$ cat structure.cif   # mmCIF, C-alpha atoms
data_data
loop_
_atom_site.label_atom_id
_atom_site.label_comp_id
_atom_site.auth_asym_id
_atom_site.auth_seq_id
_atom_site.Cartn_x
_atom_site.Cartn_y
_atom_site.Cartn_z
CA MET A 28 24.96 -19.22 13.32
CA MET A 29 22.62 -22.15 14.07
CA LYS A 30 21.49 -20.88 17.46
CA PHE A 31 18.67 -23.43 17.69
CA ALA A 32 20.66 -26.47 16.57
CA GLY A 33 19.44 -29.60 18.34
CA LYS A 34 16.35 -27.82 19.71
CA THR A 35 12.71 -28.52 18.97
CA ALA A 36 10.08 -25.82 18.63
CA VAL A 37 6.31 -26.23 18.75
CA VAL A 38 4.41 -23.42 17.03
CA THR A 39 0.62 -23.12 17.02
CA GLY A 40 -1.05 -21.72 13.93
CA GLY A 41 2.00 -22.21 11.72
CA SER A 42 0.50 -22.65 8.28
CA ARG A 43 0.55 -19.03 7.13
CA GLY A 44 1.05 -15.38 8.12
CA LEU A 45 2.87 -14.73 11.37
CA GLY A 46 2.96 -18.41 12.25
CA ARG A 47 4.68 -19.38 9.02
CA ALA A 48 7.24 -16.58 9.38
CA ILE A 49 7.99 -17.78 12.92
CA CYS A 50 8.39 -21.39 11.79
CA LEU A 51 10.79 -20.32 9.04
CA GLU A 52 12.84 -18.10 11.35
CA LEU A 53 13.26 -20.92 13.88
CA ALA A 54 14.06 -23.40 11.11
CA ARG A 55 16.64 -20.99 9.73
CA GLY A 56 18.28 -21.10 13.14
CA GLY A 57 18.49 -24.88 13.07
CA ALA A 58 15.43 -25.89 15.10
CA ASN A 59 13.22 -28.86 14.43
CA VAL A 60 9.76 -27.38 13.88
CA VAL A 61 6.46 -29.03 14.83
CA PHE A 62 3.42 -26.88 14.18
CA CYS A 63 -0.33 -27.19 14.13
CA TYR A 64 -2.90 -25.74 11.77
CA ALA A 65 -6.67 -25.37 11.83
CA GLY A 66 -7.66 -26.64 8.41
CA ASN A 67 -5.64 -25.35 5.44
CA GLU A 68 -3.67 -28.46 4.59
CA SER A 69 -2.07 -27.08 1.43
CA ALA A 70 -0.76 -24.02 3.30
CA ALA A 71 0.58 -26.29 6.06
CA ARG A 72 2.34 -28.42 3.48
CA GLU A 73 3.97 -25.31 2.03
CA THR A 74 5.29 -24.32 5.46
CA VAL A 75 6.72 -27.82 5.92
CA ASP A 76 8.37 -27.69 2.49
CA ARG A 77 9.90 -24.28 3.14
CA CYS A 78 11.22 -25.34 6.56
CA GLU A 79 12.74 -28.48 5.07
CA ALA A 80 14.34 -26.39 2.30
CA LEU A 81 16.18 -24.58 5.10
CA GLY A 82 17.54 -27.92 6.33
CA ALA A 83 15.13 -28.29 9.25
CA ARG A 84 13.03 -31.24 10.25
CA ALA A 85 9.37 -30.19 10.08
CA LEU A 86 6.05 -31.78 11.00
CA ALA A 87 2.51 -30.39 10.67
CA LEU A 88 -0.55 -31.64 12.57
CA ARG A 89 -4.14 -30.54 12.33
CA CYS A 90 -5.22 -29.49 15.81
CA ASP A 91 -7.81 -27.40 17.65
CA VAL A 92 -5.78 -25.73 20.40
CA ALA A 93 -8.94 -25.11 22.42
CA ARG A 94 -9.29 -28.87 22.98
CA ALA A 95 -7.07 -30.56 25.56
CA ASP A 96 -6.97 -33.83 23.63
CA GLY A 97 -5.77 -32.07 20.49
CA VAL A 98 -3.05 -30.22 22.39
CA LYS A 99 -1.91 -33.45 24.05
CA ALA A 100 -1.65 -35.12 20.65
CA LEU A 101 0.44 -32.20 19.36
CA MET A 102 2.89 -32.31 22.27
CA ASP A 103 3.07 -36.12 22.21
CA ALA A 104 3.90 -36.04 18.50
CA ALA A 105 6.67 -33.49 19.05
CA VAL A 106 8.26 -35.59 21.80
CA LYS A 107 7.87 -38.81 19.81
CA GLU A 108 9.44 -37.36 16.67
CA CYS A 109 12.11 -35.13 18.21
CA GLY A 110 12.62 -36.34 21.78
CA ARG A 111 11.93 -33.06 23.58
CA ILE A 112 10.29 -29.64 23.40
CA ASP A 113 12.59 -26.67 23.96
CA ILE A 114 10.47 -23.84 22.56
CA LEU A 115 6.73 -23.21 22.55
CA VAL A 116 5.28 -20.35 20.52
CA ASN A 117 1.57 -19.72 21.09
CA ASN A 118 0.59 -17.97 17.89
CA ALA A 119 -2.81 -19.47 16.95
CA GLY A 120 -5.63 -16.98 17.16
CA ILE A 121 -8.80 -15.70 15.54
CA THR A 122 -10.86 -12.50 15.40
CA ARG A 123 -14.63 -12.04 15.48
CA ASP A 124 -14.87 -8.26 15.53
CA GLY A 125 -17.94 -6.20 16.33
CA LEU A 126 -19.19 -3.55 18.71
CA LEU A 127 -19.95 -4.96 22.16
CA MET A 128 -23.65 -4.08 22.05
CA MET A 129 -24.07 -6.20 18.93
CA MET A 130 -21.48 -8.89 19.66
CA LYS A 131 -22.83 -12.43 19.75
CA GLU A 132 -21.95 -14.46 22.81
CA ALA A 133 -20.73 -17.21 20.50
CA ASP A 134 -18.23 -14.80 18.92
CA PHE A 135 -16.91 -13.79 22.33
CA ASP A 136 -16.55 -17.42 23.38
CA ALA A 137 -14.87 -18.48 20.13
CA VAL A 138 -12.17 -15.81 20.44
CA MET A 139 -11.52 -16.53 24.10
CA ASP A 140 -11.31 -20.27 23.43
CA ALA A 141 -8.85 -19.98 20.54
CA ASN A 142 -6.71 -17.11 21.80
CA LEU A 143 -6.70 -17.53 25.58
CA LYS A 144 -7.76 -21.06 26.45
CA GLY A 145 -5.61 -22.43 23.62
CA ALA A 146 -2.52 -20.69 25.00
CA PHE A 147 -3.37 -21.96 28.50
CA LEU A 148 -3.69 -25.58 27.36
CA CYS A 149 -0.48 -25.46 25.33
CA MET A 150 1.51 -23.87 28.16
CA LYS A 151 0.16 -26.40 30.64
CA ALA A 152 1.15 -29.34 28.46
CA ALA A 153 4.55 -28.00 27.38
CA SER A 154 5.58 -26.70 30.81
CA ARG A 155 5.37 -30.21 32.28
CA ILE A 156 7.94 -31.35 29.72
CA MET A 157 10.15 -28.28 30.12
CA VAL A 158 10.21 -28.49 33.92
CA LYS A 159 11.52 -32.06 33.72
CA GLN A 160 14.20 -30.89 31.29
CA ARG A 161 14.91 -27.85 33.46
CA TYR A 162 15.00 -25.84 30.26
CA GLY A 163 12.43 -24.14 28.08
CA ARG A 164 11.39 -21.01 26.26
CA ILE A 165 7.72 -20.06 25.99
CA VAL A 166 6.78 -17.10 23.78
CA ASN A 167 3.15 -16.00 23.59
CA LEU A 168 1.72 -13.81 20.85
CA SER A 169 -0.33 -11.03 22.41
CA SER A 170 -1.17 -7.78 20.61
CA VAL A 171 -0.88 -4.05 21.00
CA VAL A 172 -4.68 -4.21 21.27
CA GLY A 173 -4.24 -6.12 24.52
CA LEU A 174 -2.36 -3.10 25.89
CA ARG A 175 -4.37 -0.23 24.39
CA GLY A 176 -7.79 -1.66 23.61
CA ASN A 177 -9.58 -1.06 20.34
CA ALA A 178 -13.18 -0.23 19.49
CA GLY A 179 -14.95 -3.19 17.96
CA GLN A 180 -12.55 -5.72 19.47
CA VAL A 181 -13.66 -6.21 23.06
CA ASN A 182 -13.33 -9.98 22.75
CA TYR A 183 -9.95 -9.91 20.99
CA ALA A 184 -8.52 -7.26 23.33
CA ALA A 185 -9.68 -9.22 26.37
CA SER A 186 -8.08 -12.41 25.08
CA LYS A 187 -4.78 -10.72 24.30
CA ALA A 188 -4.69 -8.86 27.63
CA GLY A 189 -5.34 -12.22 29.26
CA VAL A 190 -2.36 -13.69 27.44
CA ILE A 191 -0.16 -11.02 29.02
CA GLY A 192 -1.51 -11.83 32.48
CA MET A 193 -0.86 -15.54 31.97
CA THR A 194 2.62 -14.81 30.64
CA LYS A 195 3.65 -12.84 33.71
CA SER A 196 2.09 -15.32 36.14
CA LEU A 197 3.63 -18.41 34.55
CA ALA A 198 7.01 -16.67 34.31
CA LYS A 199 7.00 -16.43 38.10
CA GLU A 200 5.97 -20.08 38.46
CA LEU A 201 8.65 -21.51 36.15
CA ALA A 202 11.65 -19.21 36.60
CA SER A 203 13.34 -21.45 39.18
CA ARG A 204 13.12 -24.40 36.75
CA GLY A 205 15.08 -22.78 33.95
CA VAL A 206 12.01 -21.91 31.87
CA THR A 207 11.37 -18.37 30.65
CA VAL A 208 7.97 -17.06 29.58
CA ASN A 209 7.60 -13.89 27.54
CA ALA A 210 5.16 -12.26 25.13
CA VAL A 211 5.43 -10.42 21.85
CA ALA A 212 2.77 -7.80 21.13
CA PRO A 213 2.55 -7.00 17.41
CA GLY A 214 0.92 -3.86 16.11
CA PHE A 215 -0.39 -3.54 12.57
CA ILE A 216 1.43 -6.17 10.52
CA ALA A 217 1.15 -6.71 6.76
CA THR A 218 -0.86 -9.95 6.64
CA ASP A 219 -3.93 -11.21 4.78
CA MET A 220 -6.10 -9.65 7.49
CA THR A 221 -4.68 -6.14 7.17
CA ALA A 222 -4.67 -6.41 3.37
CA ALA A 223 -8.45 -6.85 3.52
CA MET A 224 -8.98 -3.70 5.58
CA PRO A 225 -10.98 -0.86 3.96
CA ASP A 226 -8.81 2.00 2.71
CA ALA A 227 -10.10 4.41 5.37
CA ALA A 228 -9.34 1.97 8.18
CA ARG A 229 -5.90 1.27 6.76
CA GLU A 230 -5.10 4.99 6.55
CA ALA A 231 -6.27 5.51 10.15
CA ALA A 232 -4.06 2.64 11.27
CA LEU A 233 -1.02 4.09 9.51
CA ALA A 234 -1.66 7.49 11.12
CA SER A 235 -1.38 5.86 14.56
CA ILE A 236 2.07 4.36 13.85
CA PRO A 237 5.02 6.68 14.60
CA LEU A 238 7.23 4.81 12.10
CA GLN A 239 4.48 5.42 9.49
CA HIS A 240 4.44 1.96 7.91
CA LEU A 241 3.12 -1.50 8.64
CA GLY A 242 5.39 -4.11 10.12
CA THR A 243 6.15 -7.40 8.40
CA PRO A 244 5.66 -10.96 9.67
CA GLU A 245 9.45 -11.24 9.64
CA ASP A 246 9.72 -8.33 12.09
CA VAL A 247 7.59 -10.30 14.54
CA ALA A 248 9.37 -13.59 13.83
CA ARG A 249 12.77 -12.10 14.64
CA ALA A 250 11.48 -10.82 17.99
CA VAL A 251 10.05 -14.25 18.80
CA ALA A 252 13.31 -15.94 17.83
CA PHE A 253 15.27 -13.60 20.09
CA LEU A 254 13.10 -14.40 23.12
CA ALA A 255 13.31 -18.10 22.26
CA SER A 256 17.11 -18.03 22.12
CA ASP A 257 19.76 -18.33 24.79
CA GLU A 258 20.58 -14.67 24.13
CA ALA A 259 17.40 -13.90 26.11
CA ALA A 260 18.16 -16.29 28.97
CA TYR A 261 17.88 -13.53 31.59
CA ILE A 262 14.60 -12.13 30.27
CA THR A 263 11.29 -13.45 31.58
CA GLY A 264 7.80 -12.11 32.24
CA GLN A 265 8.22 -9.33 29.68
CA VAL A 266 6.13 -7.99 26.80
CA LEU A 267 8.07 -6.93 23.70
CA CYS A 268 6.03 -4.61 21.47
CA VAL A 269 6.72 -4.92 17.75
CA ASP A 270 4.44 -2.10 16.71
CA GLY A 271 6.37 0.78 15.14
CA GLY A 272 5.89 2.78 18.33
CA MET A 273 2.09 2.53 18.66
CA ALA A 274 2.13 1.60 22.34
CA MET A 275 4.40 4.45 23.43
#
$ encode --input "structure.cif" --output "structure tokens"
Amino acid sequence: MMKFAGKTAVVTGGSRGLGRAICLELARGGANVVFCYAGNESAARETVDRCEALGARALALRCDVARADGVKALMDAAVKECGRIDILVNNAGITRDGLLMMMKEADFDAVMDANLKGAFLCMKAASRIMVKQRYGRIVNLSSVVGLRGNAGQVNYAASKAGVIGMTKSLAKELASRGVTVNAVAPGFIATDMTAAMPDAAREAALASIPLQHLGTPEDVARAVAFLASDEAAYITGQVLCVDGGMAM
């Protein structure tokens, strides 16, 4: 069933990993997909090609989500090409891990800019469009770390906890206008980042997961697609953990 037929989705950080899986899942459902990427043009092109192979219209733009002018260009391009924005998925994010006592201020700022300010700017720009339409679905990617904390990730945990706070606050602001705002909090997912983890760290991570295996990008993408669909029309301000039970 093409549950997103005629709808347009904007996805940040869509060139690979979770972002690519989300783009493909939305495209599979019939959505037009407009996504941004930080710098890997060949990976972005591959996401476009794979979306188009599913029959979707796809467009990739290079964009720094921490800059208001870049976000405006992204949203303007989506409206120009597709006429509207029905779905926003804030997926773009970075890590700069380290213990707080040794963490550089620049690393704290970089993570907060990309993960928190970027989501703020994208929600601000997209919500203006969605309010006029009186329809919209905003899905923010948080993390189980934003709920539980994690040693060596003070900056990342703060940014992802902030995403949850923004999600719940904006959900209250936009509910009367037909716009829902929810978050997905992934746990340990099989991506390039987790593949690079040392064996000891990987084993410790697995020991903390009740289901005893890593999740896949597709697990997260399906959760995002659910919250972006009309099946979730009566759900707003919620955090859906896709973590194998870690946050229990």
$ resolve_selection --input "structure.cif" --expression "the PyMOL selection byres ((chain A and resi 50) around 12)" --output "PyMOL selection string"
chain A and resi 35-49+51-63+71+73-79+81+83-87+114-118+244-245+247-249+251-252
$ closest_residue --input "structure.cif" --among "A:Val172, A:Ala141, A:Val106, A:Ala133" --to "Arg94 in chain A" --atoms "all atoms listed in the file"
A:Ala141
$ resolve_selection --input "structure.cif" --expression "the PyMOL selection byres ((chain A and resi 218-235) around 9)" --output "list in words"
Gly44, Leu45, Phe215, Ile216, Ala217, Ile236, Pro237, Leu238, Gln239, His240, Leu241, Thr243, Pro244, Gly272 and Met273 of chain A
$ resolve_selection --input "structure.cif" --expression "the PyMOL selection byres ((chain A and resi 201) around 10)" --output "PDB file with C-alpha atoms, in the coordinates of the input"
ATOM      1  CA  SER A 154       5.580 -26.700  30.810  1.00  0.00           C
ATOM      2  CA  MET A 157      10.150 -28.280  30.120  1.00  0.00           C
ATOM      3  CA  VAL A 158      10.210 -28.490  33.920  1.00  0.00           C
ATOM      4  CA  ARG A 161      14.910 -27.850  33.460  1.00  0.00           C
ATOM      5  CA  TYR A 162      15.000 -25.840  30.260  1.00  0.00           C
ATOM      6  CA  GLY A 163      12.430 -24.140  28.080  1.00  0.00           C
ATOM      7  CA  SER A 196       2.090 -15.320  36.140  1.00  0.00           C
ATOM      8  CA  LEU A 197       3.630 -18.410  34.550  1.00  0.00           C
ATOM      9  CA  ALA A 198       7.010 -16.670  34.310  1.00  0.00           C
ATOM     10  CA  LYS A 199       7.000 -16.430  38.100  1.00  0.00           C
ATOM     11  CA  GLU A 200       5.970 -20.080  38.460  1.00  0.00           C
ATOM     12  CA  ALA A 202      11.650 -19.210  36.600  1.00  0.00           C
ATOM     13  CA  SER A 203      13.340 -21.450  39.180  1.00  0.00           C
ATOM     14  CA  ARG A 204      13.120 -24.400  36.750  1.00  0.00           C
ATOM     15  CA  GLY A 205      15.080 -22.780  33.950  1.00  0.00           C
ATOM     16  CA  VAL A 206      12.010 -21.910  31.870  1.00  0.00           C
ATOM     17  CA  THR A 207      11.370 -18.370  30.650  1.00  0.00           C
ATOM     18  CA  VAL A 208       7.970 -17.060  29.580  1.00  0.00           C
ATOM     19  CA  THR A 263      11.290 -13.450  31.580  1.00  0.00           C
TER      20      THR A 263
END
$ closest_atom_pairs --input "structure.cif" --of "range 208-270 of chain A" --to "range 180-192 of chain A" --cutoff "10 Å" --atoms "all atoms listed in the file" --output "JSON lines"
{"residue": "A:Asn209", "atom": "CA", "partner": "A:Ile191", "partner_atom": "CA", "distance": 8.4}
{"residue": "A:Ala210", "atom": "CA", "partner": "A:Ile191", "partner_atom": "CA", "distance": 6.7}
{"residue": "A:Val211", "atom": "CA", "partner": "A:Ile191", "partner_atom": "CA", "distance": 9.1}
{"residue": "A:Ala212", "atom": "CA", "partner": "A:Lys187", "partner_atom": "CA", "distance": 8.7}
{"residue": "A:Gly264", "atom": "CA", "partner": "A:Ile191", "partner_atom": "CA", "distance": 8.7}
{"residue": "A:Gln265", "atom": "CA", "partner": "A:Ile191", "partner_atom": "CA", "distance": 8.6}
{"residue": "A:Val266", "atom": "CA", "partner": "A:Ile191", "partner_atom": "CA", "distance": 7.3}
$ write_last_selection --input "structure.cif" --atoms "C-alpha atoms" --output "PDB file, in the frame of the given file"
ATOM      1  CA  ASN A 209       7.600 -13.890  27.540  1.00  0.00           C
ATOM      2  CA  ALA A 210       5.160 -12.260  25.130  1.00  0.00           C
ATOM      3  CA  VAL A 211       5.430 -10.420  21.850  1.00  0.00           C
ATOM      4  CA  ALA A 212       2.770  -7.800  21.130  1.00  0.00           C
ATOM      5  CA  GLY A 264       7.800 -12.110  32.240  1.00  0.00           C
ATOM      6  CA  GLN A 265       8.220  -9.330  29.680  1.00  0.00           C
ATOM      7  CA  VAL A 266       6.130  -7.990  26.800  1.00  0.00           C
TER       8      VAL A 266
END
$ closest_residue --input "structure.cif" --among "A:Ala119, A:Ala104, A:Val98, A:Val269" --to "Leu143 in chain A" --atoms "only C-alpha atoms"
A:Ala119
$ atom_distance --input "structure.cif" --atom1 "CA of Gly110 in chain A" --atom2 "CA of Met193 in chain A"
26.8 Å
$ atom_distance --input "structure.cif" --atom1 "CA of Ser256 in chain A" --atom2 "CA of Ala153 in chain A"
16.9 Å
$ residues_around --input "structure.cif" --residues "Leu148 in chain A" --least-positions-apart "3" --cutoff "8 Å" --atoms "all atoms listed in the file" --output "ChimeraX atom specification"
/A:92-95,98,144-145,151-152
$ closest_residue --input "structure.cif" --among "A:Ser169, A:Thr122, A:Ser69, A:Gln160" --to "Gly214 in chain A" --atoms "only C-alpha atoms"
A:Ser169
$ atom_distance --input "structure.cif" --atom1 "CA of Ile165 in chain A" --atom2 "CA of Asp134 in chain A"
27.4 Å
$ axis_aligned_box --input "structure.cif" --around "range 92-105 of chain A" --padding-each-side "5 Å" --output "lines of an AutoDock Vina configuration file"
center_x = -1.3
center_y = -30.6
center_z = 22.0
size_x = 26.0
size_y = 21.0
size_z = 17.1
$ closest_residue --input "structure.cif" --among "A:Ser170, A:Asp124, A:Thr194, A:Ala32" --to "Gly82 in chain A" --atoms "only C-alpha atoms"
A:Ala32
$ closest_residue --input "structure.cif" --among "A:Ala255, A:Val171, A:Ala100, A:Ala105" --to "Gly271 in chain A" --atoms "all atoms listed in the file"
A:Val171
$ closest_residue --input "structure.cif" --among "A:Asp91, A:Arg175, A:Arg72, A:Glu258" --to "Lys30 in chain A" --atoms "only C-alpha atoms"
A:Glu258
